[in-house]
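Taking it in order: structure first as structure tokens, then the write-up.
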Amino acid sequence: MLKPAGYRLLIEVEEVKETTTGGIILAQQTIDADAAAQTTGRVLAIGEFAFKEYPARWCNVGDTVTFAKYLGVVQVDPGSGKKYRVCNDIDILCIVKPEPVANA
Amino acid sequence: MLKPAGYRLLIEVEEVKETTTGGIILAQQTIDADAAAQTTGRVLAIGEFAFKEYPARWCNVGDTVTFAKYLGVVQVDPGSGKKYRVCNDIDILCIVKPEPVANA
Amino acid sequence: MLKPAGYRLLIEVEEVKETTTGGIILAQQTIDADAAAQTTGRVLAIGEFAFKEYPARWCNVGDTVTFAKYLGVVQVDPGSGKKYRVCNDIDILCIVKPEPVANA
Amino acid sequence: MLKPAGYRLLIEVEEVKETTTGGIILAQQTIDADAAAQTTGRVLAIGEFAFKEYPARWCNVGDTVTFAKYLGVVQVDPGSGKKYRVCNDIDILCIVKPEPVANA
Amino acid sequence: MLKPAGYRLLIEVEEVKETTTGGIILAQQTIDADAAAQTTGRVLAIGEFAFKEYPARWCNVGDTVTFAKYLGVVQVDPGSGKKYRVCNDIDILCIVKPEPVANA
Amino acid sequence: MLKPAGYRLLIEVEEVKETTTGGIILAQQTIDADAAAQTTGRVLAIGEFAFKEYPARWCNVGDTVTFAKYLGVVQVDPGSGKKYRVCNDIDILCIVKPEPVANA
Amino acid sequence: MLKPAGYRLLIEVEEVKETTTGGIILAQQTIDADAAAQTTGRVLAIGEFAFKEYPARWCNVGDTVTFAKYLGVVQVDPGSGKKYRVCNDIDILCIVKPEPVANA
């Protein structure tokens, strides 16, 4: 497994389609580009020193979060071969919550 | 819903026209570009650590605010599919008030 | 009205000519460019946290001030439709005073 | 008159020639470029918060000072129509003194 | 041997293939580019002042770590002629652990 | 004379040849470029606030010092018409000493 | 001799070949480029204020150190005409030690 170091976060983005709706198999390069363009993912792990400049974390492990396109670095887990996104703590833009936005 | 993290703000810009006055349906790309060029929106939510360097917030939830063109990042609420603008706290330029400008 | 947020200033620049001296009506784009190139304006409002790093304000509401060409962001007051310049507090270069320069 | 704001200085550069030695009248653009290229001027006024990070001012009102080419912003005094150079306090390079350089 | 100075880390990346699967010998330039593109390596040594801004090290000697492509500087050990990657302490993105990612 | 302001140093570079060894008179532009490319000079004066972040000066008036090519700004002394180099205090690279380098 | 000022180091890189193995004399420009590309050298002198932000020096006079290609500035000792590399203290990447790398 990948354990994010320092103030990094390990993010799992949703798997991208590997075939078109018509069934054409997409090139690995296209799949990778689609994965890098995703802006929503789940926080798998938070580095030990993340958010240390703030009294509380911005997000927790298990949260679905949003971030900018092409954020961070794609890292391959040498164990599973699966790809993850590694970013800095303060790159997180929003947490996706099940309840609707309150208009306070 | 999207909950802005850290020092981010969640802004709802006005819906842009999806047809021309003559009734021609605009391409999604044009609609997105028009939305990104808008400079006025309503503050839907304020991150927990926003404006923490200041004794008071610059704006409140519900305020109509102005900002620079193409500011911030467009984020899609996975629940509703609606698009919002996410920006940093200090990117807010003005609050739109109903009363006229005082010439003190 | 527009209330400048944080350390912003709201500046009203002089109206630019909308016709040439020969009477030709200028394109809106030309008028906007002329307005953005102006370097003198009147301070209409000062954000709550402007000049907070200094023991005193650099300028006051009502002052005529000078600044660099194309400074800041043009903002439209949704109420009146009038355009203003919004800039940061420390972008102000000079205050225009009625009396002559003293050679102390 | 122009009163420099904050940490700005108001500098008067020497008038540049408006005709060539052969008597040809130079274009306003050429005169402005020549003025902007000048590197010596007289300090007319010093902003209230200039040099505040130092125990003493680097220069005083009335000093002839030197600076880099094209430094700062040209500002027109709306009263006299005369052009001045406005720069930051720490842009001053040297003070011109009447006595020769001491080799201490 | 190379002892990383200050806040540097000495990283040993895996040896890259010097022949293609078909047996063609790769140019040294290709081998070097492949080595520089690797994103996983083993920490061989940690500089004396690395991670000093944090209460604990982000990684330890012997850890397998991940980092961005083309990170740092390639250095040749004059003793062995072997090439190592030298990077800054906070360039480490993840530590590769044998156990699976916990979904806390 | 020129008195360096704040943290500036006034440096006198050696005069450059104004004729080639074959006696051809060099263009003023070539002479100026040669002067700007010089990397050794004598410290003529040190600004009042130079080296204030250090317990001692890096160099003294009268020292021969070295610096990077094209460092700083060329300034003309209005009194003598002579050209000097003005640079920042921490731009000094080495002091030239008469004794040989010690191999401690 | 050259005495490094402030936080600079004086580095002596190994002499580069001035002829090819076939005996062709290399152009001075080629020799200089080869010298600037070297990444190993011996520390000849350390400026008085080097490594002052750290409780101990990163390297000592006499150490063989490594650094990035084309690091720093080449300086000629006016006494001997010999060329040295001058760099900043924290540019040092590794110290070359005679013993092998420990796998702690």
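Residue numbers start at 1 in each chain; chains themselves are named A, B, ... in the order of the structure tokens; ligands are numbered from 1 in the order shown.
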
Checklist entry - Which residues come within 10 Å of Trp58 (chain C), counting only C-alpha atoms, excluding same-chain residues fewer than 2 positions away, as a VMD selection string? => result (chain C and resid 50 to 51 54 to 56 60 89 to 90 92 to 95) or (chain D and resid 4 to 7 47 to 49)

Next on the checklist: Can you tell me, as an MDAnalysis selection string, which residues in chain G count as helix (DSSP H, G or I) by DSSP?
Outcome noted: chainID G and resid 28:37 89:91

Next on the checklist: What's around Asp32 (chain E) at 10 Å? Count only C-alpha atoms, leave out sequence neighbours fewer than 3 positions away in its own chain, and write the answer as a PyMOL selection string.
Outcome noted: chain E and resi 16+18+27-29+35-37+74+83

Return as a Markdown table the residues of chain D lying at most 9 Å from chain C, together with the closest atom-to-atom pair for each and the distance in Å to one decimal, counting only C-alpha atoms, with rows in chain order and ascending residue number.
| residue | atom | partner | partner_atom | distance |
| --- | --- | --- | --- | --- |
| D:Met1 | CA | C:Pro100 | CA | 4.9 |
| D:Leu2 | CA | C:Val96 | CA | 4.7 |
| D:Lys3 | CA | C:Ile95 | CA | 5.0 |
| D:Pro4 | CA | C:Cys94 | CA | 4.2 |
| D:Ala5 | CA | C:Cys94 | CA | 4.8 |
| D:Gly6 | CA | C:Trp58 | CA | 5.4 |
| D:Tyr7 | CA | C:Leu93 | CA | 8.8 |
| D:Arg8 | CA | C:Leu93 | CA | 6.6 |
| D:Leu9 | CA | C:Leu93 | CA | 8.8 |
| D:Leu10 | CA | C:Cys94 | CA | 8.4 |
| D:Leu44 | CA | C:Asn103 | CA | 6.3 |
| D:Ala45 | CA | C:Val101 | CA | 7.8 |
| D:Gly47 | CA | C:Cys94 | CA | 8.7 |
| D:Glu48 | CA | C:Trp58 | CA | 8.1 |
| D:Phe49 | CA | C:Tyr54 | CA | 7.6 |
| D:Val61 | CA | C:Ala104 | CA | 6.3 |
| D:Gly62 | CA | C:Asn103 | CA | 6.8 |
| D:Val73 | CA | C:Ala68 | CA | 6.7 |
| D:Val74 | CA | C:Ala68 | CA | 8.4 |
| D:Gln75 | CA | C:Thr66 | CA | 7.4 |
| D:Val76 | CA | C:Thr66 | CA | 8.8 |
| D:Asp77 | CA | C:Val96 | CA | 7.5 |
| D:Pro78 | CA | C:Val96 | CA | 7.6 |
| D:Gly79 | CA | C:Pro98 | CA | 7.4 |
| D:Ser80 | CA | C:Pro100 | CA | 8.9 |
| D:Val86 | CA | C:Leu93 | CA | 7.0 |
| D:Cys87 | CA | C:Leu93 | CA | 8.3 |

Store the residues picked out above in a file with C-alpha atoms, as a PDB file, in the first residue's frame.
ATOM      1  CA  MET D   1      -0.186  68.561  -6.484  1.00  0.00           C
ATOM      2  CA  LEU D   2       0.597  64.864  -6.154  1.00  0.00           C
ATOM      3  CA  LYS D   3       1.220  63.570  -2.621  1.00  0.00           C
ATOM      4  CA  PRO D   4       2.903  60.148  -2.696  1.00  0.00           C
ATOM      5  CA  ALA D   5       0.870  57.539  -0.776  1.00  0.00           C
ATOM      6  CA  GLY D   6       2.242  54.996   1.713  1.00  0.00           C
ATOM      7  CA  TYR D   7       5.819  54.014   0.847  1.00  0.00           C
ATOM      8  CA  ARG D   8       5.978  55.832  -2.501  1.00  0.00           C
ATOM      9  CA  LEU D   9       8.300  58.661  -3.513  1.00  0.00           C
ATOM     10  CA  LEU D  10       7.510  61.470  -5.925  1.00  0.00           C
ATOM     11  CA  LEU D  44       9.884  66.135  -4.276  1.00  0.00           C
ATOM     12  CA  ALA D  45       7.926  64.252  -1.617  1.00  0.00           C
ATOM     13  CA  GLY D  47       5.168  59.021   1.495  1.00  0.00           C
ATOM     14  CA  GLU D  48       4.267  58.818   5.169  1.00  0.00           C
ATOM     15  CA  PHE D  49       5.234  55.143   5.523  1.00  0.00           C
ATOM     16  CA  VAL D  61      13.140  65.620   0.176  1.00  0.00           C
ATOM     17  CA  GLY D  62      15.339  67.759  -2.046  1.00  0.00           C
ATOM     18  CA  VAL D  73       5.167  54.839 -12.980  1.00  0.00           C
ATOM     19  CA  VAL D  74       4.815  58.184 -14.746  1.00  0.00           C
ATOM     20  CA  GLN D  75       2.029  60.247 -13.181  1.00  0.00           C
ATOM     21  CA  VAL D  76       0.545  63.494 -14.445  1.00  0.00           C
ATOM     22  CA  ASP D  77      -0.294  66.173 -11.890  1.00  0.00           C
ATOM     23  CA  PRO D  78      -3.890  67.093 -12.835  1.00  0.00           C
ATOM     24  CA  GLY D  79      -3.198  70.645 -11.589  1.00  0.00           C
ATOM     25  CA  SER D  80      -0.122  71.540 -13.624  1.00  0.00           C
ATOM     26  CA  VAL D  86       6.437  57.665  -8.710  1.00  0.00           C
ATOM     27  CA  CYS D  87       8.479  54.786  -7.293  1.00  0.00           C
TER      28      CYS D  87
END

Next on the checklist: I need the strand (DSSP E or B) residues of chain B per DSSP on the backbone, written as a VMD selection string.
Outcome noted: chain B and resid 2 to 4 8 to 13 19 25 40 to 46 64 to 66 73 to 76 83 to 88 94 to 96

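One finds CA of Ile11 (chain B) at 16.3 Å from CA of Ala33 (chain B).
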
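Taking CA of Leu26 (chain A) as the reference point, CA of Gln38 (chain A) is found at 16.6 Å.
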